[in-house]
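Reproduced below: upload_5.txt, with compact mmCIF, C-alpha atoms and all ligand atoms.
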```
# COMPACT_ATOMS: atom_id res chain seq x y z
CA MET A 1 91.47 107.40 90.47
CA HIS A 2 94.67 109.39 90.10
CA GLU A 3 94.31 111.43 86.90
CA PRO A 4 97.03 113.70 85.57
CA ASP A 5 96.18 117.14 86.90
CA PRO A 6 95.23 119.47 84.00
CA SER A 7 97.04 122.26 85.83
CA GLY A 8 100.23 120.26 85.38
CA VAL A 9 100.72 120.01 89.15
CA LYS A 10 101.45 116.39 90.05
CA THR A 11 100.19 114.64 93.16
CA SER A 12 102.99 114.47 95.71
CA ALA A 13 103.69 111.41 97.82
CA VAL A 14 106.01 111.29 100.82
CA ILE A 15 107.22 107.78 101.63
CA LEU A 16 108.51 106.98 105.10
CA GLY A 17 111.28 104.37 104.89
CA ALA A 18 113.64 103.56 102.02
CA GLY A 19 113.95 99.81 102.21
CA VAL A 20 112.77 97.58 99.38
CA SER A 21 109.10 98.30 100.27
CA GLY A 22 109.47 102.09 100.19
CA LEU A 23 111.72 102.14 97.13
CA SER A 24 109.42 99.81 95.14
CA ALA A 25 106.45 101.99 96.07
CA ALA A 26 108.39 105.09 95.03
CA LEU A 27 109.26 103.60 91.65
CA ILE A 28 105.73 102.63 90.70
CA LEU A 29 104.28 105.95 91.89
CA LEU A 30 106.89 107.90 89.91
CA LYS A 31 105.96 105.87 86.84
CA ARG A 32 102.31 106.72 87.42
CA GLY A 33 103.07 110.43 87.45
CA TYR A 34 103.47 111.33 91.12
CA THR A 35 106.27 113.42 92.52
CA VAL A 36 107.89 111.36 95.26
CA ALA A 37 110.08 112.15 98.25
CA LEU A 38 111.46 109.38 100.47
CA LEU A 39 112.45 109.97 104.08
CA GLU A 40 114.94 107.46 105.46
CA ARG A 41 115.91 107.34 109.12
CA GLY A 42 119.35 105.84 108.39
CA ALA A 43 121.04 104.80 105.15
CA VAL A 44 118.90 103.78 102.16
CA GLY A 45 118.24 100.04 102.28
CA GLY A 46 120.44 99.71 105.36
CA GLU A 47 118.08 97.60 107.45
CA SER A 48 116.23 94.36 106.70
CA SER A 49 116.46 94.87 102.94
CA TRP A 50 120.26 94.80 103.18
CA ALA A 51 120.47 92.04 105.80
CA GLY A 52 118.29 89.48 104.02
CA GLY A 53 119.18 86.65 101.71
CA GLY A 54 117.43 87.60 98.47
CA ILE A 55 115.72 84.26 97.83
CA LEU A 56 112.74 85.03 95.62
CA SER A 57 110.29 82.49 97.01
CA PRO A 58 108.84 81.37 100.31
CA LEU A 59 111.24 78.71 101.63
CA LEU A 60 108.70 75.89 101.55
CA PRO A 61 106.04 77.54 99.40
CA TRP A 62 103.39 74.96 100.30
CA ALA A 63 103.77 75.69 104.03
CA TYR A 64 102.01 79.09 103.94
CA GLY A 65 98.49 80.30 103.44
CA GLU A 66 96.98 81.61 100.21
CA ALA A 67 97.57 85.26 101.18
CA VAL A 68 101.34 84.69 101.14
CA ALA A 69 101.15 82.56 97.99
CA ALA A 70 99.11 85.15 96.08
CA LEU A 71 101.54 88.04 96.64
CA ALA A 72 104.66 85.89 96.32
CA LEU A 73 103.62 84.07 93.15
CA ARG A 74 102.47 87.24 91.41
CA SER A 75 105.80 88.86 92.23
CA MET A 76 107.81 85.79 91.22
CA ALA A 77 106.07 85.60 87.85
CA GLY A 78 107.12 89.12 86.93
CA TYR A 79 110.39 89.45 88.85
CA ALA A 80 112.82 88.95 85.96
CA ASP A 81 111.15 91.72 83.95
CA TRP A 82 110.82 93.97 86.99
CA VAL A 83 114.54 93.67 87.76
CA ALA A 84 115.51 94.07 84.10
CA ASP A 85 113.61 97.37 83.96
CA ILE A 86 115.28 98.59 87.17
CA GLU A 87 118.68 97.58 85.80
CA ARG A 88 118.02 99.37 82.52
CA HIS A 89 117.10 102.61 84.27
CA SER A 90 119.81 102.43 86.92
CA GLY A 91 122.70 100.98 84.93
CA ARG A 92 123.29 98.61 87.87
CA ASP A 93 123.27 94.82 88.07
CA ALA A 94 121.04 93.34 90.80
CA GLU A 95 122.41 89.83 90.08
CA PHE A 96 119.06 88.18 89.40
CA TRP A 97 119.84 84.46 89.05
CA ARG A 98 117.36 81.64 88.46
CA CYS A 99 119.55 79.16 90.34
CA GLY A 100 116.74 76.88 91.60
CA MET A 101 116.18 75.66 95.15
CA LEU A 102 116.52 72.16 96.55
CA ALA A 103 114.45 71.44 99.66
CA LEU A 104 115.68 68.44 101.64
CA ASP A 105 114.00 66.11 104.13
CA VAL A 106 110.56 67.24 102.99
CA ALA A 107 108.25 65.50 105.42
CA ALA A 108 105.21 65.15 103.14
CA PRO A 109 106.42 65.35 99.53
CA ASP A 110 103.15 64.29 97.88
CA PRO A 111 101.02 67.18 99.19
CA ALA A 112 103.95 69.54 98.56
CA LEU A 113 104.15 68.48 94.92
CA ALA A 114 100.38 68.67 94.59
CA TRP A 115 100.44 72.23 95.98
CA CYS A 116 103.10 73.21 93.43
CA ALA A 117 101.11 71.67 90.58
CA ALA A 118 97.96 73.49 91.68
CA HIS A 119 99.82 76.81 91.89
CA GLY A 120 101.73 76.53 88.61
CA MET A 121 105.11 76.19 90.32
CA ALA A 122 107.58 73.81 88.65
CA ALA A 123 108.64 71.09 91.10
CA GLN A 124 109.92 67.55 91.02
CA ARG A 125 111.00 64.81 93.38
CA GLY A 126 114.79 64.35 93.28
CA TYR A 127 116.86 66.57 91.03
CA PRO A 128 118.40 66.33 87.58
CA GLN A 129 121.98 65.11 87.20
CA SER A 130 122.87 68.42 85.59
CA VAL A 131 122.54 70.06 89.04
CA SER A 132 125.90 69.66 90.73
CA LEU A 133 125.48 69.09 94.47
CA PRO A 134 127.38 67.53 97.41
CA ALA A 135 127.17 63.72 97.55
CA GLY A 136 124.41 62.03 99.53
CA LEU A 137 121.64 64.62 99.07
CA SER A 138 119.65 62.46 96.68
CA ALA A 139 118.78 60.15 99.60
CA ARG A 140 117.27 63.00 101.62
CA ALA A 141 113.73 63.30 100.23
CA PRO A 142 114.59 66.24 97.99
CA ILE A 143 112.15 68.39 96.09
CA TRP A 144 113.71 70.43 93.30
CA LEU A 145 112.18 73.81 92.45
CA PRO A 146 113.95 74.85 89.26
CA GLY A 147 112.11 78.16 88.82
CA VAL A 148 113.22 79.69 92.12
CA ALA A 149 115.48 82.70 91.60
CA GLN A 150 117.47 85.06 93.79
CA VAL A 151 118.78 88.62 93.72
CA ARG A 152 121.77 89.99 95.55
CA ASN A 153 119.55 92.13 97.74
CA PRO A 154 122.04 94.92 98.62
CA ARG A 155 122.62 95.32 94.89
CA LEU A 156 118.90 95.30 94.15
CA VAL A 157 118.45 98.09 96.69
CA ALA A 158 121.30 100.09 95.14
CA ALA A 159 119.75 99.62 91.68
CA LEU A 160 116.28 100.56 92.96
CA ARG A 161 117.67 103.69 94.57
CA ALA A 162 119.37 104.74 91.36
CA ALA A 163 116.21 104.01 89.33
CA VAL A 164 114.08 106.08 91.73
CA VAL A 165 116.46 109.03 91.42
CA ARG A 166 116.60 108.57 87.65
CA HIS A 167 112.79 108.81 87.53
CA GLY A 168 112.93 112.07 89.48
CA GLY A 169 112.41 110.85 93.06
CA THR A 170 114.06 112.71 95.94
CA ILE A 171 115.68 110.81 98.80
CA HIS A 172 116.39 112.37 102.20
CA GLU A 173 118.79 110.04 103.97
CA HIS A 174 119.48 110.18 107.74
CA CYS A 175 116.22 112.07 108.05
CA PRO A 176 113.68 110.26 110.26
CA ALA A 177 110.04 111.18 110.08
CA THR A 178 108.95 112.14 113.59
CA GLY A 179 105.26 112.84 113.13
CA VAL A 180 102.51 114.21 110.92
CA LEU A 181 100.34 117.33 110.73
CA ALA A 182 96.68 116.69 109.95
CA GLN A 183 93.57 118.64 109.07
CA GLY A 184 90.07 117.39 108.34
CA GLY A 185 90.90 113.67 108.23
CA ARG A 186 93.93 114.16 106.00
CA VAL A 187 97.61 114.42 106.72
CA THR A 188 98.94 117.65 105.24
CA ALA A 189 102.63 117.32 106.03
CA VAL A 190 105.27 115.03 107.51
CA LEU A 191 107.50 116.32 110.29
CA THR A 192 111.22 115.65 110.52
CA ALA A 193 113.89 116.93 112.91
CA THR A 194 114.97 119.46 110.30
CA GLY A 195 111.71 120.58 108.77
CA THR A 196 108.24 119.90 107.43
CA LEU A 197 107.43 118.22 104.13
CA PRO A 198 103.98 118.94 102.66
CA ALA A 199 102.29 115.87 101.12
CA ASP A 200 99.14 115.04 99.16
CA GLN A 201 99.64 111.35 99.99
CA VAL A 202 101.78 109.57 102.58
CA VAL A 203 103.05 105.98 102.48
CA LEU A 204 104.30 104.28 105.62
CA ALA A 205 106.96 101.72 104.66
CA SER A 206 109.13 101.79 107.74
CA GLY A 207 109.64 98.05 108.15
CA ALA A 208 109.94 96.75 111.71
CA TRP A 209 109.51 100.35 112.96
CA SER A 210 106.03 100.65 111.46
CA GLY A 211 104.85 98.85 114.59
CA THR A 212 105.90 101.77 116.81
CA GLY A 213 103.99 104.73 115.33
CA LEU A 214 104.86 108.42 115.06
CA ALA A 215 103.49 111.56 116.67
CA GLY A 216 99.95 111.86 115.29
CA LEU A 217 100.13 108.59 113.33
CA ALA A 218 99.01 105.34 114.94
CA ALA A 219 101.27 102.27 114.62
CA VAL A 220 100.42 99.44 112.23
CA PRO A 221 98.93 96.60 114.29
CA ASN A 222 100.83 93.40 115.08
CA ILE A 223 104.16 94.31 113.48
CA ARG A 224 107.26 93.52 115.49
CA PRO A 225 110.98 93.10 114.80
CA VAL A 226 112.14 89.50 114.35
CA ARG A 227 115.92 89.23 114.36
CA GLY A 228 117.72 87.03 111.85
CA GLN A 229 121.44 86.25 112.08
CA MET A 230 123.36 85.37 108.91
CA LEU A 231 126.85 84.06 108.11
CA LEU A 232 128.77 84.74 104.92
CA PHE A 233 131.44 82.41 103.54
CA LYS A 234 133.71 82.70 100.51
CA LEU A 235 134.34 79.67 98.33
CA ALA A 236 135.59 79.40 94.78
CA PRO A 237 132.86 80.23 92.25
CA GLY A 238 130.88 77.17 91.17
CA VAL A 239 131.21 75.04 94.33
CA LEU A 240 127.50 75.54 95.04
CA GLU A 241 125.14 76.70 92.31
CA THR A 242 121.69 76.26 93.78
CA ILE A 243 119.90 77.26 96.98
CA LEU A 244 119.77 74.45 99.55
CA TYR A 245 117.13 74.35 102.26
CA CYS A 246 116.84 71.89 105.12
CA ASP A 247 115.00 72.10 108.42
CA GLY A 248 115.05 75.88 108.81
CA LEU A 249 118.55 76.41 107.42
CA TYR A 250 119.32 77.68 103.94
CA LEU A 251 122.49 78.16 101.91
CA ILE A 252 122.45 80.77 99.14
CA PRO A 253 125.28 80.78 96.61
CA ARG A 254 126.31 83.99 94.86
CA ARG A 255 127.90 83.85 91.43
CA ASP A 256 131.27 85.03 92.78
CA GLY A 257 131.53 82.10 95.23
CA HIS A 258 130.12 83.79 98.33
CA VAL A 259 127.68 81.57 100.24
CA LEU A 260 125.18 82.92 102.78
CA ALA A 261 123.95 80.70 105.60
CA GLY A 262 120.88 81.63 107.58
CA SER A 263 118.95 82.29 109.52
CA THR A 264 117.57 82.62 113.02
CA LEU A 265 114.11 83.81 114.08
CA GLU A 266 114.62 85.71 117.34
CA ASP A 267 112.40 87.94 119.41
CA ALA A 268 115.03 90.43 120.61
CA GLY A 269 113.31 93.78 120.16
CA PHE A 270 115.36 96.28 118.13
CA ASP A 271 118.68 94.69 119.19
CA LYS A 272 120.73 93.79 116.10
CA SER A 273 123.66 92.21 117.93
CA THR A 274 125.04 88.78 117.02
CA ASP A 275 126.38 86.07 119.33
CA GLY A 276 129.09 83.44 119.23
CA ALA A 277 126.87 80.47 120.08
CA THR A 278 124.62 81.19 117.10
CA ARG A 279 127.66 81.63 114.87
CA LEU A 280 128.93 78.17 115.87
CA ARG A 281 125.53 76.54 115.41
CA LEU A 282 124.86 78.12 112.01
CA HIS A 283 128.38 77.18 110.89
CA ALA A 284 127.97 73.54 112.00
CA ASP A 285 124.55 73.25 110.34
CA ALA A 286 125.86 74.85 107.15
CA ALA A 287 128.87 72.51 107.03
CA ALA A 288 126.60 69.50 107.53
CA LEU A 289 124.82 70.51 104.31
CA LEU A 290 127.90 71.62 102.39
CA PRO A 291 131.10 69.96 103.71
CA ALA A 292 133.32 72.48 101.90
CA LEU A 293 132.29 75.00 104.58
CA ALA A 294 133.64 72.89 107.47
CA THR A 295 137.27 73.96 107.11
CA ILE A 296 136.80 77.67 106.49
CA GLN A 297 135.66 80.51 108.74
CA PRO A 298 132.83 82.92 107.92
CA VAL A 299 134.00 86.22 106.46
CA GLN A 300 131.05 88.09 107.97
CA HIS A 301 128.31 87.63 110.58
CA TRP A 302 125.41 90.06 110.92
CA ALA A 303 121.82 90.38 112.08
CA GLY A 304 118.82 92.17 110.62
CA LEU A 305 115.33 92.97 111.84
CA ARG A 306 112.50 91.59 109.76
CA PRO A 307 109.19 93.44 109.87
CA GLY A 308 107.46 90.48 111.53
CA SER A 309 103.74 89.91 111.06
CA PRO A 310 101.42 87.07 112.05
CA ASP A 311 101.39 84.35 109.39
CA ASN A 312 103.86 86.35 107.27
CA ILE A 313 101.02 88.45 105.83
CA PRO A 314 101.87 92.10 105.15
CA VAL A 315 99.57 95.08 105.65
CA ILE A 316 98.91 96.95 102.41
CA ASP A 317 96.00 99.31 102.92
CA ARG A 318 94.76 102.77 103.68
CA HIS A 319 95.50 103.93 107.24
CA PRO A 320 92.18 103.89 109.14
CA ASP A 321 92.69 107.38 110.60
CA PHE A 322 93.46 109.28 107.38
CA ASP A 323 92.11 109.23 103.83
CA ASN A 324 95.50 109.97 102.29
CA VAL A 325 97.83 107.73 104.31
CA PHE A 326 98.66 104.22 103.09
CA VAL A 327 100.85 101.45 104.47
CA ASN A 328 103.08 98.88 102.79
CA THR A 329 104.76 96.91 105.54
CA GLY A 330 104.97 93.71 107.60
CA HIS A 331 106.37 91.48 104.85
CA TYR A 332 108.29 89.52 107.50
CA ARG A 333 110.40 86.82 105.80
CA TYR A 334 109.48 87.64 102.21
CA GLY A 335 109.65 91.37 101.61
CA VAL A 336 112.20 91.11 98.81
CA THR A 337 110.13 88.42 97.12
CA MET A 338 106.85 90.29 97.50
CA ALA A 339 108.14 93.77 96.60
CA PRO A 340 106.80 94.18 93.04
CA ALA A 341 103.27 92.85 93.64
CA SER A 342 103.02 94.73 96.96
CA ALA A 343 103.96 98.02 95.31
CA GLU A 344 101.45 97.38 92.53
CA LEU A 345 98.67 96.63 95.02
CA LEU A 346 99.55 99.71 97.06
CA ALA A 347 99.52 102.00 94.02
CA ASP A 348 96.22 100.55 92.80
CA LEU A 349 94.62 101.18 96.21
CA MET A 350 96.00 104.74 96.31
CA GLU A 351 94.48 105.46 92.91
CA GLY A 352 91.17 103.70 93.48
CA ARG A 353 91.90 101.17 90.71
CA THR A 354 90.64 97.61 90.95
CA PRO A 355 93.69 95.60 92.04
CA SER A 356 94.75 92.39 90.30
CA LEU A 357 94.85 90.64 93.68
CA ASP A 358 92.12 90.38 96.27
CA PRO A 359 93.21 93.05 98.79
CA ALA A 360 91.18 91.61 101.69
CA PRO A 361 93.92 89.59 103.45
CA TYR A 362 96.25 92.60 103.54
CA ARG A 363 93.75 94.99 105.10
CA TRP A 364 94.54 96.80 108.36
CA GLN A 365 91.44 95.25 109.92
CA ALA A 366 92.56 91.75 108.89
CA ALA A 367 95.91 92.37 110.61
CA LEU A 368 94.12 93.48 113.76
CA GLU A 369 92.02 90.33 113.75
CA ARG A 370 94.94 87.96 113.05
CA GLY A 371 97.17 88.71 116.02
CA TRP A 372 100.24 86.71 116.98
CA HIS A 373 99.49 83.11 117.87
CA ASP A 374 101.64 83.37 120.98
CA ALA A 375 100.30 86.80 122.03
C1 LIG B 401 118.27 87.50 107.93
C2 LIG B 401 117.18 87.84 106.97
C3 LIG B 401 117.00 87.06 105.83
C4 LIG B 401 116.01 87.38 104.91
N1 LIG B 401 115.92 86.68 103.75
C5 LIG B 401 114.98 87.00 102.82
C6 LIG B 401 114.92 86.31 101.60
O1 LIG B 401 115.75 85.44 101.30
N2 LIG B 401 113.92 86.64 100.72
C7 LIG B 401 112.99 87.61 101.00
O2 LIG B 401 112.10 87.85 100.19
N3 LIG B 401 113.06 88.30 102.16
C8 LIG B 401 114.02 88.02 103.08
N4 LIG B 401 114.08 88.69 104.26
C9 LIG B 401 113.00 89.64 104.59
C10 LIG B 401 113.19 90.95 103.89
O3 LIG B 401 114.52 91.38 104.03
C11 LIG B 401 112.21 91.97 104.46
O4 LIG B 401 110.88 91.49 104.48
C12 LIG B 401 112.23 93.26 103.65
O5 LIG B 401 113.55 93.72 103.49
C13 LIG B 401 111.41 94.34 104.31
O6 LIG B 401 111.62 95.52 103.59
P1 LIG B 401 111.10 96.90 104.18
O7 LIG B 401 111.47 97.94 103.20
O8 LIG B 401 109.67 96.76 104.54
O9 LIG B 401 111.90 97.06 105.56
P2 LIG B 401 113.37 97.62 105.80
O10 LIG B 401 114.33 97.13 104.80
O11 LIG B 401 113.70 97.36 107.24
O12 LIG B 401 113.20 99.16 105.53
C14 LIG B 401 112.45 99.99 106.39
C15 LIG B 401 113.20 101.31 106.45
O13 LIG B 401 112.42 102.27 107.15
C16 LIG B 401 113.33 103.11 107.84
N5 LIG B 401 112.59 103.82 108.88
C17 LIG B 401 112.11 103.33 110.05
N6 LIG B 401 111.49 104.29 110.75
C18 LIG B 401 111.57 105.43 110.00
C19 LIG B 401 111.14 106.77 110.19
N7 LIG B 401 110.48 107.15 111.30
N8 LIG B 401 111.41 107.68 109.23
C20 LIG B 401 112.09 107.32 108.08
N9 LIG B 401 112.55 106.05 107.89
C21 LIG B 401 112.27 105.13 108.82
C22 LIG B 401 114.37 102.14 108.36
O14 LIG B 401 115.57 102.83 108.69
C23 LIG B 401 114.51 101.19 107.19
O15 LIG B 401 115.57 101.53 106.32
C24 LIG B 401 115.12 88.44 105.17
C25 LIG B 401 115.31 89.23 106.30
C26 LIG B 401 116.35 88.95 107.19
C27 LIG B 401 116.57 89.85 108.36
```

Can you present the structure in this file as structure tokens?
Amino acid sequence: MHEPDPSGVKTSAVILGAGVSGLSAALILLKRGYTVALLERGAVGGESSWAGGGILSPLLPWAYGEAVAALALRSMAGYADWVADIERHSGRDAEFWRCGMLALDVAAPDPALAWCAAHGMAAQRGYPQSVSLPAGLSARAPIWLPGVAQVRNPRLVAALRAAVVRHGGTIHEHCPATGVLAQGGRVTAVLTATGTLPADQVVLASGAWSGTGLAGLAAVPNIRPVRGQMLLFKLAPGVLETILYCDGLYLIPRRDGHVLAGSTLEDAGFDKSTDGATRLRLHADAAALLPALATIQPVQHWAGLRPGSPDNIPVIDRHPDFDNVFVNTGHYRYGVTMAPASAELLADLMEGRTPSLDPAPYRWQAALERGWHDA
């Protein structure tokens, strides 16, 4: 258990990676009395946490296993309060919006609704008239999930960053960790190109890169980059006011009229390039759902690298080689959704507290045993 040190010297944690996973970990550790330094290879939140969509739910929540549901639902239940606290401390708006999600062409609606009922998730067949949507959707086996919310993820990351700094955290941007120094089963310091940072505890939260390892620190098993391409459109505010999901494609409205359309799941290594054929396909699919998109061109097209993991299950555990190294990574498609509960689980494990969630599915060993289905 992490007790305040009577000498007044706080336990220091060095966190590798300043995406949503690293920043959320930093925030909870700062609140629990640690001193925290974050090392970020590039710009804070510049990778997957920027590139994502910010939907705060698995896309078809009933389509995943209990390990995903447990972390996602715990996060979702507390998200509004979590964001409000970050906004209060940062003075920044993360644009949390409980806009609901409409899933279309749901193949087996009865089991889906039963899953929602069993997991305390509000859901109904069809959707209320008060939800303004393009014509014709009511005939497409819709399930309406009114409790689903979103954040504008780049703004969440900016707010998290400011909150971390406000709580006394230090952020070293453009400063990749290159390796670790160890003694007697413990890491004593993290190495960077410009120096050495001593650490009582180390947290690996380096997203898709956590699958590659550092000098002296073994890679997290079965993590690999999974590229996702996204399009951004600009409509007048109010044209779309809920998330639409159909057959792998989603549309996410922002309050200012921007609409995101995504995404692809591509095995392209660390290549973040985009391509014209995907742009055309995503645009056509998006316009088929929302005809207002047919006559306008996307204002932006980008790709991000998800920290892919088998079955979407992250690894939140102690590193097997060192007593004082922990990992919080591999959240694949739902790292923004799972951020608060993942950080809580991580901090509880670091302090030897009994976690609120069963930690077993997120163990390093469980990740080793899972493996990719196609591997
Ligand atoms: C197209 C797309 C759509 C998505 N949509 C959603 C969604 O709607 N909802 C949802 O919940 N999730 C979504 N996601 C997934 C979500 O974005 C990720 O799961 C989440 O951002 C992972 O956060 P992270 O902090 O673990 O990784 P990242 O954001 O990638 O952060 C890891 C950081 O570690 C840094 N790093 C790497 N190596 C080192 C090193 N050696 N030293 C220091 N720093 C290092 C990287 O530069 C990076 O900034 C989406 C992702 C994509 C790509």

*Taking only C-alpha atoms and all ligand atoms into account, report as a ChimeraX atom specification which residues have an atom no farther than 7 Å from an atom of ligand LIG 401 (chain B).*
/A:16-22,39-57,175-178,205-210,214,227-230,262-263,303-307,329-338

*Could you pull the residues within 12 Å of Ala284 in chain A, counting only C-alpha atoms, minus those fewer than 5 positions along the same chain, as a list in words?*
Leu231, Leu249, Ala261, Gly262, Ala277, Thr278, Arg279, Leu289, Leu290, Pro291, Ala292, Leu293, Ala294, Thr295, Ile296, Gln297 and Pro298 of chain A

*Using all atoms listed in the file, which residues sit within 12 Å of Ser342 in chain A once same-chain residues fewer than 4 positions away are excluded, as a PyMOL selection string?*
chain A and resi 20-26+28+67-68+70-76+205+313-317+327-331+334-338+346-349+355-359+362

_Between CA of Trp144 in chain A and CA of Val106 in chain A - distance in Å to one decimal_ = 10.7 Å

*Within 10 Å of Ala189 in chain A using only C-alpha atoms, minus same-chain residues under 3 positions, as number ranges by chain*: A: 14, 179-183, 186, 192, 196-202

_Nearest-residue call for Arg318 in chain A, choices A:Ser12, A:Thr170, A:Thr274, A:Gln365, using only C-alpha atoms_ =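 Looking at the shortest contact to Arg318 in chain A, the residue is A:Gln365.
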
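Of the listed residues A:Ala122, A:Leu156, A:Leu133, A:Ala149, the one whose atoms come nearest to Asp93 in chain A is A:Leu156, with distances taken using only C-alpha atoms.
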
*Quick one: pull the distance between CA of Glu87 in chain A and CA of Gly169 in chain A, Å, one decimal.*
16.4 Å

*Figure out the distance between CA of Leu251 in chain A and CA of Asp105 in chain A, please, to one decimal in Å.*
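Between these atoms lies a distance of 14.9 Å.
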
*Taking into account all atoms listed in the file, which residue in the set A:Gly257, A:Pro310, A:Pro154, A:Ala112 is nearest to Glu369 in chain A?*
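The answer is A:Pro310, which sits nearest to Glu369 in chain A.
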
*Go through A:Ala218, A:Ala343, A:Leu102, A:Leu145 and flag the residue nearest Tyr250 in chain A, using all atoms listed in the file for the distances.*
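Distance minimum relative to Tyr250 in chain A lands on A:Leu102.
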
*In terms of the shortest atom-to-atom distance over only C-alpha atoms, which of A:Glu95, A:Ser138, A:Asp81, A:Pro61 is closest to Met121 in chain A?*
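Closest residue, counting only C-alpha atoms: A:Pro61.
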
*What would the list of residues within 9 Å of (106.0, 108.8, 90.6) (file frame) look like as a list of chain:residue names, if all atoms listed in the file are what count?*
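Here is the list of nearby residues: A:Lys10, A:Thr11, A:Ser12, A:Ala13, A:Ala25, A:Ala26, A:Leu27, A:Ile28, A:Leu29, A:Leu30, A:Lys31, A:Arg32, A:Gly33, A:Tyr34, A:Thr35, A:Val36, A:Val164, A:His167, A:Gly168, A:Gly169.
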
Take the residues that were just selected and, keeping C-alpha atoms, output them as a short mmCIF file (atom, residue, chain, number, x, y, z; two decimals), keeping the file's coordinate frame.
```cif
data_model
loop_
_atom_site.label_atom_id
_atom_site.label_comp_id
_atom_site.auth_asym_id
_atom_site.auth_seq_id
_atom_site.Cartn_x
_atom_site.Cartn_y
_atom_site.Cartn_z
CA LYS A 10 101.45 116.39 90.05
CA THR A 11 100.19 114.64 93.16
CA SER A 12 102.99 114.47 95.71
CA ALA A 13 103.69 111.41 97.82
CA ALA A 25 106.45 101.99 96.07
CA ALA A 26 108.39 105.09 95.03
CA LEU A 27 109.26 103.60 91.65
CA ILE A 28 105.73 102.63 90.70
CA LEU A 29 104.28 105.95 91.89
CA LEU A 30 106.89 107.90 89.91
CA LYS A 31 105.96 105.87 86.84
CA ARG A 32 102.31 106.72 87.42
CA GLY A 33 103.07 110.43 87.45
CA TYR A 34 103.47 111.33 91.12
CA THR A 35 106.27 113.42 92.52
CA VAL A 36 107.89 111.36 95.26
CA VAL A 164 114.08 106.08 91.73
CA HIS A 167 112.79 108.81 87.53
CA GLY A 168 112.93 112.07 89.48
CA GLY A 169 112.41 110.85 93.06
#
```

_Calculated over all atoms listed in the file, which of the candidates A:Arg166, A:Arg140, A:Arg98, A:Arg152 has the smallest distance to Ile86 in chain A?_
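The answer is A:Arg166, which sits nearest to Ile86 in chain A.
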